[in-house]
>>> print(open('work_18.cif').read())   # mmCIF, C-alpha atoms and all ligand atoms
data_final
#
loop_
_atom_site.label_atom_id
_atom_site.label_comp_id
_atom_site.auth_asym_id
_atom_site.auth_seq_id
_atom_site.Cartn_x
_atom_site.Cartn_y
_atom_site.Cartn_z
CA MET A 92 289.17 296.43 66.43
CA SER A 93 286.38 295.78 68.88
CA LYS A 94 285.78 292.23 69.99
CA ASP A 95 282.80 290.27 68.69
CA THR A 96 280.01 289.43 71.16
CA PHE A 97 278.62 285.91 71.23
CA ILE A 98 275.41 285.36 73.19
CA LEU A 99 273.70 282.06 73.83
CA GLY A 100 269.93 282.64 73.98
CA MET A 101 267.29 280.38 75.49
CA GLU A 102 263.51 280.41 75.11
CA THR A 103 261.04 278.14 76.92
CA SER A 104 258.09 280.44 77.64
CA CYS A 105 255.45 278.36 75.87
CA ASP A 106 255.63 275.26 73.70
CA GLU A 107 258.98 275.59 71.94
CA THR A 108 262.28 274.60 73.57
CA ALA A 109 264.77 276.81 71.77
CA VAL A 110 268.47 277.67 72.02
CA ALA A 111 270.47 279.87 69.64
CA ILE A 112 273.84 281.50 69.30
CA VAL A 113 273.97 285.01 67.88
CA LYS A 114 277.02 287.10 66.99
CA ASN A 115 276.95 290.86 67.71
CA GLY A 116 273.17 290.79 68.14
CA LYS A 117 272.61 290.45 64.41
CA GLU A 118 274.10 287.30 62.96
CA ILE A 119 272.59 283.86 63.63
CA LEU A 120 275.24 281.17 64.09
CA SER A 121 272.71 278.54 65.14
CA ASN A 122 269.00 278.57 65.92
CA VAL A 123 267.56 275.28 67.21
CA VAL A 124 263.83 274.96 67.94
CA ALA A 125 262.26 271.78 69.34
CA SER A 126 258.52 272.20 68.87
CA GLN A 127 255.99 270.41 71.05
CA ILE A 128 252.99 271.21 68.88
CA GLU A 129 252.33 267.54 68.14
CA SER A 130 252.01 266.76 71.86
CA HIS A 131 249.52 269.56 72.49
CA LYS A 132 247.45 269.16 69.33
CA ARG A 133 245.13 266.49 70.68
CA PHE A 134 244.21 268.77 73.60
CA GLY A 135 243.42 271.68 71.27
CA GLY A 136 245.87 273.99 73.03
CA VAL A 137 249.03 274.14 75.13
CA VAL A 138 248.81 272.08 78.34
CA PRO A 139 251.20 273.82 80.78
CA GLU A 140 252.26 270.70 82.67
CA ILE A 141 253.06 268.83 79.46
CA ALA A 142 255.00 271.85 78.17
CA SER A 143 257.20 271.92 81.30
CA ARG A 144 257.96 268.21 81.08
CA HIS A 145 258.97 268.50 77.44
CA HIS A 146 261.25 271.44 78.22
CA VAL A 147 262.99 269.41 80.95
CA GLU A 148 263.54 266.53 78.53
CA GLN A 149 264.71 268.70 75.65
CA ILE A 150 266.70 271.60 77.07
CA THR A 151 270.10 269.94 77.50
CA ILE A 152 269.91 268.29 74.09
CA VAL A 153 268.92 271.58 72.44
CA ILE A 154 271.77 273.49 74.15
CA GLU A 155 274.29 270.93 72.89
CA GLU A 156 272.80 271.00 69.41
CA ALA A 157 272.96 274.81 69.24
CA LEU A 158 276.65 274.82 70.27
CA SER A 159 277.46 272.01 67.89
CA ARG A 160 275.73 273.63 64.90
CA ALA A 161 277.57 276.90 65.59
CA GLY A 162 280.82 274.95 66.01
CA MET A 163 281.45 276.74 69.30
CA THR A 164 281.93 275.98 73.00
CA MET A 165 280.62 277.70 76.11
CA LYS A 166 284.11 279.11 76.66
CA GLU A 167 283.62 281.33 73.62
CA MET A 168 280.29 282.77 74.86
CA ASP A 169 280.10 286.25 76.44
CA ALA A 170 276.76 285.75 78.21
CA VAL A 171 273.66 283.59 78.53
CA ALA A 172 270.35 285.32 77.75
CA VAL A 173 267.03 283.75 78.70
CA THR A 174 263.33 284.59 78.49
CA GLU A 175 262.45 285.67 82.02
CA GLY A 176 258.77 286.33 81.18
CA PRO A 177 255.97 286.61 80.30
CA GLY A 178 254.77 283.08 79.61
CA LEU A 179 253.75 279.90 81.40
CA VAL A 180 255.47 279.95 84.78
CA GLY A 181 256.42 276.25 84.81
CA ALA A 182 257.75 276.47 81.25
CA LEU A 183 259.74 279.66 81.93
CA LEU A 184 261.27 278.10 85.04
CA ILE A 185 262.98 275.38 83.04
CA GLY A 186 264.75 277.90 80.80
CA VAL A 187 265.62 280.27 83.64
CA ASN A 188 267.11 277.45 85.74
CA ALA A 189 269.02 275.96 82.82
CA ALA A 190 270.40 279.42 81.99
CA LYS A 191 271.39 280.03 85.60
CA ALA A 192 273.18 276.68 85.78
CA LEU A 193 274.99 277.31 82.50
CA ALA A 194 276.01 280.86 83.42
CA PHE A 195 277.18 279.81 86.89
CA ALA A 196 279.12 276.79 85.64
CA HIS A 197 280.98 278.86 83.03
CA GLY A 198 281.30 282.09 85.00
CA LEU A 199 279.22 284.04 82.48
CA PRO A 200 276.82 286.95 82.94
CA LEU A 201 273.12 286.02 82.98
CA ILE A 202 270.73 288.29 81.09
CA GLY A 203 266.94 288.19 81.57
CA VAL A 204 264.95 289.06 78.43
CA HIS A 205 261.31 290.03 77.94
CA HIS A 206 259.68 287.65 75.46
CA ILE A 207 258.10 290.47 73.43
CA ALA A 208 261.37 292.40 73.29
CA GLY A 209 262.69 289.19 71.75
CA HIS A 210 259.94 289.11 69.12
CA ILE A 211 260.74 292.72 68.20
CA TYR A 212 264.49 292.00 67.97
CA ALA A 213 263.86 289.15 65.53
CA ASN A 214 263.83 292.04 63.07
CA ARG A 215 267.44 292.96 63.83
CA LEU A 216 268.44 289.55 62.51
CA VAL A 217 267.06 290.76 59.16
CA THR A 218 268.08 294.40 58.98
CA GLU A 219 269.50 297.16 61.21
CA MET A 220 266.89 298.98 63.27
CA LYS A 221 266.27 302.70 62.65
CA PHE A 222 264.86 304.86 65.41
CA PRO A 223 262.33 305.99 66.31
CA LEU A 224 260.41 302.90 65.30
CA LEU A 225 257.09 301.25 65.87
CA SER A 226 256.56 297.53 66.25
CA LEU A 227 253.27 295.75 65.78
CA VAL A 228 253.53 292.70 68.03
CA VAL A 229 250.90 290.06 67.28
CA SER A 230 251.27 286.68 68.94
CA GLY A 231 249.25 284.02 70.73
CA GLY A 232 249.48 285.92 73.99
CA HIS A 233 250.04 289.55 72.96
CA THR A 234 248.77 292.26 70.65
CA GLU A 235 250.69 295.47 71.19
CA LEU A 236 252.00 298.55 69.45
CA VAL A 237 255.43 299.24 70.91
CA TYR A 238 257.24 302.54 70.29
CA MET A 239 261.04 302.55 70.58
CA LYS A 240 263.10 305.74 70.55
CA GLU A 241 266.38 303.81 70.90
CA HIS A 242 267.76 300.32 71.50
CA GLY A 243 266.36 298.64 74.62
CA SER A 244 263.69 301.30 75.22
CA TYR A 245 260.09 300.10 74.94
CA GLU A 246 256.90 302.14 75.27
CA VAL A 247 253.59 300.34 74.86
CA ILE A 248 251.29 302.84 73.12
CA GLY A 249 248.46 300.37 72.56
CA GLU A 250 247.53 296.85 73.61
CA THR A 251 244.64 294.45 73.57
CA ARG A 252 242.04 294.90 76.26
CA ASP A 253 240.95 291.26 76.06
CA ASP A 254 242.03 288.51 73.64
CA ALA A 255 245.30 288.58 71.73
CA ALA A 256 245.02 288.38 67.93
CA GLY A 257 246.53 284.87 67.85
CA GLU A 258 244.21 283.74 70.60
CA ALA A 259 241.22 284.93 68.54
CA TYR A 260 242.59 283.05 65.50
CA ASP A 261 242.99 279.87 67.57
CA LYS A 262 239.49 280.12 69.09
CA VAL A 263 237.82 280.79 65.75
CA ALA A 264 239.75 277.86 64.28
CA ARG A 265 238.44 275.67 67.07
CA THR A 266 234.88 276.73 66.26
CA LEU A 267 235.55 275.58 62.71
CA SER A 268 236.99 272.27 64.04
CA LEU A 269 240.44 273.08 62.67
CA PRO A 270 243.55 271.69 64.41
CA TYR A 271 245.70 273.62 66.90
CA PRO A 272 247.34 276.07 66.34
CA GLY A 273 244.56 277.41 64.18
CA GLY A 274 246.13 280.61 62.83
CA PRO A 275 247.83 279.06 59.78
CA HIS A 276 244.65 277.10 58.91
CA ILE A 277 242.47 280.21 59.01
CA ASP A 278 245.09 282.03 56.95
CA ARG A 279 245.03 279.27 54.30
CA LEU A 280 241.21 279.13 54.21
CA ALA A 281 240.93 282.92 54.10
CA ALA A 282 242.96 282.97 50.88
CA GLU A 283 240.37 280.67 49.30
CA GLY A 284 237.26 282.61 50.35
CA ASN A 285 235.62 286.01 50.05
CA PRO A 286 234.94 288.24 53.06
CA GLU A 287 231.16 288.28 52.50
CA ILE A 288 230.05 288.25 56.13
CA ASN A 289 229.97 291.59 57.84
CA LEU A 290 231.77 291.13 61.16
CA PRO A 291 232.45 293.85 63.78
CA ARG A 292 235.64 295.90 64.02
CA ALA A 293 236.48 297.24 67.48
CA TRP A 294 237.93 300.71 66.80
CA LEU A 295 237.47 301.80 70.47
CA GLU A 296 237.94 305.52 71.27
CA ALA A 297 239.09 307.65 68.34
CA ASP A 298 242.49 308.44 69.88
CA SER A 299 243.17 304.95 71.25
CA PHE A 300 245.74 302.54 69.85
CA ASP A 301 244.28 299.72 71.97
CA PHE A 302 242.72 296.62 70.46
CA SER A 303 239.85 294.29 71.34
CA PHE A 304 239.14 290.97 69.66
CA SER A 305 236.74 289.20 72.01
CA GLY A 306 233.65 290.80 70.43
CA LEU A 307 234.78 289.67 66.99
CA LYS A 308 235.46 286.16 68.26
CA SER A 309 231.96 285.98 69.83
CA ALA A 310 230.41 287.32 66.63
CA VAL A 311 232.04 284.51 64.63
CA ILE A 312 230.89 281.86 67.11
CA ASN A 313 227.34 283.29 67.09
CA THR A 314 227.27 283.41 63.29
CA VAL A 315 228.22 279.73 63.13
CA HIS A 316 225.70 278.68 65.80
CA ASN A 317 222.85 280.72 64.31
CA ALA A 318 223.46 279.17 60.92
CA GLU A 319 223.52 275.69 62.46
CA GLN A 320 220.19 276.35 64.18
CA ARG A 321 218.70 277.30 60.83
CA GLY A 322 220.06 274.07 59.44
CA GLU A 323 222.48 276.00 57.22
CA LYS A 324 226.23 275.74 56.94
CA ILE A 325 228.45 278.69 56.21
CA ALA A 326 231.42 277.89 54.01
CA PRO A 327 234.47 277.85 56.32
CA GLU A 328 236.53 279.79 53.79
CA THR A 329 233.93 282.60 53.72
CA LEU A 330 233.97 282.78 57.51
CA ALA A 331 237.77 282.63 57.66
CA ALA A 332 238.10 285.38 55.03
CA SER A 333 235.57 287.60 56.81
CA PHE A 334 237.20 287.10 60.22
CA GLN A 335 240.68 287.68 58.85
CA GLU A 336 239.62 290.85 57.05
CA SER A 337 238.18 292.26 60.26
CA VAL A 338 241.36 291.49 62.25
CA ILE A 339 243.67 292.88 59.56
CA ASP A 340 241.58 296.01 59.01
CA VAL A 341 241.95 297.05 62.64
CA LEU A 342 245.61 296.01 63.00
CA VAL A 343 246.75 297.76 59.84
CA THR A 344 244.65 300.92 60.26
CA LYS A 345 245.89 301.49 63.82
CA THR A 346 249.51 300.70 62.92
CA LEU A 347 249.41 303.15 60.02
CA LYS A 348 247.87 305.89 62.15
CA ALA A 349 250.40 305.37 64.98
CA ALA A 350 253.34 305.29 62.55
CA LYS A 351 252.35 308.68 61.15
CA GLN A 352 251.49 310.24 64.50
CA TYR A 353 254.79 309.14 66.08
CA GLU A 354 256.77 310.02 62.94
CA VAL A 355 258.71 306.77 62.93
CA GLU A 356 261.47 305.72 60.54
CA GLN A 357 260.57 302.04 60.59
CA VAL A 358 257.63 299.74 61.26
CA LEU A 359 258.54 296.24 62.40
CA LEU A 360 256.17 293.28 62.41
CA ALA A 361 256.68 290.75 65.20
CA GLY A 362 255.15 287.64 66.78
CA GLY A 363 253.56 284.42 65.54
CA VAL A 364 250.65 286.12 63.75
CA ALA A 365 253.24 288.03 61.68
CA ALA A 366 253.36 284.79 59.69
CA ASN A 367 249.86 285.63 58.41
CA ARG A 368 249.99 286.09 54.66
CA GLY A 369 246.95 288.37 54.59
CA LEU A 370 248.46 290.68 57.20
CA ARG A 371 251.86 290.74 55.49
CA SER A 372 250.47 291.60 52.10
CA ARG A 373 248.08 294.27 53.41
CA LEU A 374 250.91 295.93 55.35
CA GLU A 375 253.11 295.80 52.26
CA THR A 376 250.40 297.46 50.19
CA GLU A 377 249.66 300.22 52.71
CA PHE A 378 253.28 301.01 53.60
CA GLY A 379 254.57 300.48 50.07
CA SER A 380 252.88 303.69 48.93
CA LEU A 381 254.09 305.63 51.96
CA GLU A 382 257.27 307.69 51.65
CA GLY A 383 259.80 307.69 54.45
CA ILE A 384 258.66 304.73 56.54
CA GLU A 385 260.44 301.43 56.02
CA LEU A 386 258.39 298.28 56.67
CA VAL A 387 260.33 295.24 57.95
CA ILE A 388 258.78 291.79 58.06
CA PRO A 389 260.93 288.90 59.31
CA PRO A 390 260.90 285.49 57.61
CA LEU A 391 258.35 283.02 59.00
CA SER A 392 260.94 281.06 60.98
CA LEU A 393 261.83 284.16 63.00
CA CYS A 394 258.19 285.21 63.57
CA THR A 395 257.25 282.24 65.74
CA ASP A 396 258.99 281.54 69.05
CA ASN A 397 262.75 281.00 68.75
CA ALA A 398 265.85 281.76 70.78
CA ALA A 399 267.80 283.79 68.21
CA MET A 400 265.42 286.67 68.93
CA ILE A 401 266.10 286.29 72.67
CA ALA A 402 269.85 286.34 72.07
CA ALA A 403 269.43 289.43 69.84
CA ALA A 404 267.43 291.36 72.46
CA GLY A 405 269.78 290.01 75.16
CA THR A 406 272.80 291.44 73.32
CA ILE A 407 271.38 294.96 73.73
CA GLU A 408 270.82 294.40 77.46
CA PHE A 409 274.34 292.97 77.73
CA GLU A 410 275.79 296.03 75.98
CA LYS A 411 273.78 298.31 78.30
CA GLY A 412 275.51 296.56 81.20
CA LYS A 413 272.47 294.75 82.54
CA ARG A 414 273.39 291.67 84.60
CA GLY A 415 270.93 289.26 86.18
CA SER A 416 271.67 287.59 89.48
CA MET A 417 271.46 283.96 90.53
CA ALA A 418 268.23 284.98 92.30
CA MET A 419 266.52 285.44 88.91
CA ASN A 420 263.09 283.81 88.83
CA ALA A 421 260.55 283.14 86.12
CA ASN A 422 258.30 286.19 85.94
CA PRO A 423 255.03 285.56 84.08
CA GLY A 424 253.97 289.18 84.65
CA LEU A 425 257.22 290.82 83.50
CA ASP A 426 256.64 294.38 82.22
CA ILE A 427 258.31 295.29 78.92
CA GLU A 428 258.68 298.94 79.90
CA ASN A 429 260.74 298.06 83.02
CA PHE A 430 262.51 294.76 82.65
O1 LIG B 1 254.57 284.20 68.89
P1 LIG B 1 254.02 282.83 68.92
O2 LIG B 1 254.78 281.73 68.25
O3 LIG B 1 253.77 282.39 70.39
C1 LIG B 1 253.40 283.28 71.39
O4 LIG B 1 254.31 283.95 71.97
O5 LIG B 1 252.19 283.40 71.58
O6 LIG B 1 252.55 282.94 68.30
C2 LIG B 1 251.70 281.83 68.18
C3 LIG B 1 250.38 282.31 67.57
C4 LIG B 1 249.29 281.25 67.58
O7 LIG B 1 248.12 281.83 68.10
C5 LIG B 1 249.13 280.91 66.10
O8 LIG B 1 247.81 280.49 65.74
C6 LIG B 1 249.47 282.22 65.45
O9 LIG B 1 250.58 282.69 66.19
N1 LIG B 1 249.84 282.07 64.03
C7 LIG B 1 249.12 282.60 63.02
C8 LIG B 1 249.76 282.20 61.82
N2 LIG B 1 250.84 281.44 62.15
C9 LIG B 1 250.89 281.38 63.51
N3 LIG B 1 248.02 283.36 63.04
C10 LIG B 1 247.52 283.76 61.86
N4 LIG B 1 248.05 283.41 60.67
C11 LIG B 1 249.16 282.64 60.60
N5 LIG B 1 249.68 282.31 59.41
ZN ZN B 2 256.02 284.38 71.28
#
>>> encode(input="work_18.cif", output="structure tokens", more="lines below")
Ligand code: KG4
Ligand code: ZN
Amino acid sequence: MSKDTFILGMETSCDETAVAIVKNGKEILSNVVASQIESHKRFGGVVPEIASRHHVEQITIVIEEALSRAGMTMKEMDAVAVTEGPGLVGALLIGVNAAKALAFAHGLPLIGVHHIAGHIYANRLVTEMKFPLLSLVVSGGHTELVYMKEHGSYEVIGETRDDAAGEAYDKVARTLSLPYPGGPHIDRLAAEGNPEINLPRAWLEADSFDFSFSGLKSAVINTVHNAEQRGEKIAPETLAASFQESVIDVLVTKTLKAAKQYEVEQVLLAGGVAANRGLRSRLETEFGSLEGIELVIPPLSLCTDNAAMIAAAGTIEFEKGKRGSMAMNANPGLDIENF
């Protein structure tokens, strides 16, 4: 009987201090997330310096909590996996240094993980992956279509040329004076309104799987300002519904086209914007009627930043024999195709 693999994962790339323990890359034994959202809310976005300070304060407590909830000790771990990048450099550094210290102190291998690979592997905590697959990654910092022919192999076939989808959600929310992070508020409002305003959709070149959301974001801001100048007020739910429909139209159409063209077995949704109810239901409708392609959507708690996903992706790297050195550094520009 082969031995079970226990990986302790750590994630500090943005505003969540997270530690998790995952068995065999699939089973969550503990998944602790200390969110800093409340501290950043009054600034309308993540303040990097504040994020780093919170990570320093929280990381040791969160590590202990993750071990305690799993009822395990460091002695039982096989490796420590940590988000090496991309993300805020000061925030990443806290996780990388904590992981290095932990790995060194316990004589364990250190595994660097790409944050987006983590988001994709959140799906393996739900169901086994089937290759080839396509993942639509939509988060605050990324919008990408990633093709995978096997475990640990990532090919970016399309990405945003400007704003990420989540970034557009947050900026539009700000225009509507909604609190940070704005995505869930727009999502809620969109469900109450009708998409009556005709907003642009950036399809780009016919054969491109790239995205662009900055034009849409500007169009929303202009629509609001023009209405204000005329002394009119557009109902926020109408604007939210129109914006959301434009985002979802492009995301879903391109994902569907890529899934067929690349003849994939599975389509995985990943990243914070995967929590969007409009996006989830539209994907379910479109893929539900399609034979042969399985759609996987993780539960909300695994869509936003967490460390179970880092441990899951780290398990694959561990099994491939990848070992980081004590010279590992935070790498905000880490490339998913070569990490
Ligand atoms: O993946 P994530 O937790 O952090 C990054 O790695 O960026 O994603 C955070 C992003 C934020 O922009 C947030 O507004 C967005 O995910 N988000 C949503 C929803 N929930 C979170 N966007 C749209 N609809 C939602 N329900
Ligand atoms: Zn993320």
>>> residues_near_ligand(input="work_18.cif", ligand="ligand LIG 1 (chain B)", cutoff="6 Å", atoms="all atoms listed in the file", output="PyMOL selection string")
chain A and resi 230-232+257-258+260-261+272-275+278+362-364+366-367+395-396
>>> residues_around(input="work_18.cif", residues="region 237-250 of chain A", least_positions_apart="4", cutoff="8 Å", atoms="only C-alpha atoms", output="PyMOL selection string")
chain A and resi 208+222-228+233+299-302+404+407-408+427-428
>>> closest_residue(input="work_18.cif", among="A:Leu179, A:Ala349, A:Val343, A:Leu193", to="ligand ZN 2 (chain B)", atoms="all atoms listed in the file")
A:Leu179
>>> residues_around(input="work_18.cif", residues="region 118-124 of chain A", least_positions_apart="5", cutoff="6 Å", atoms="only C-alpha atoms", output="list in words")
Thr108, Ala109, Val110, Ala111, Ile112, Val113, Ala157, Arg160, Ala161 and Ala399 of chain A
>>> atom_distance(input="work_18.cif", atom1="CA of Asn313 (chain A)", atom2="CA of Ile277 (chain A)")
17.4 Å
>>> axis_aligned_box(input="work_18.cif", around="region 228-240 of chain A", padding_each_side="3 Å", output="AutoDock Vina command-line options")
--center_x 255.9 --center_y 294.9 --center_z 70.6 --size_x 20.3 --size_y 27.7 --size_z 12.7
>>> closest_residue(input="work_18.cif", among="A:Gln352, A:Ser130, A:Thr174, A:Ser143", to="ligand ZN 2 (chain B)", atoms="all atoms listed in the file")
A:Thr174
>>> atom_distance(input="work_18.cif", atom1="CA of Ile202 (chain A)", atom2="CA of Gly415 (chain A)")
5.2 Å
>>> residues_near_point(input="work_18.cif", point="(262.8, 291.1, 72.6)", cutoff="9 Å", atoms="all atoms listed in the file", output="JSON, numbers by chain")
{"A": [174, 204, 205, 206, 207, 208, 209, 210, 211, 212, 213, 243, 400, 401, 402, 403, 404, 405, 427]}
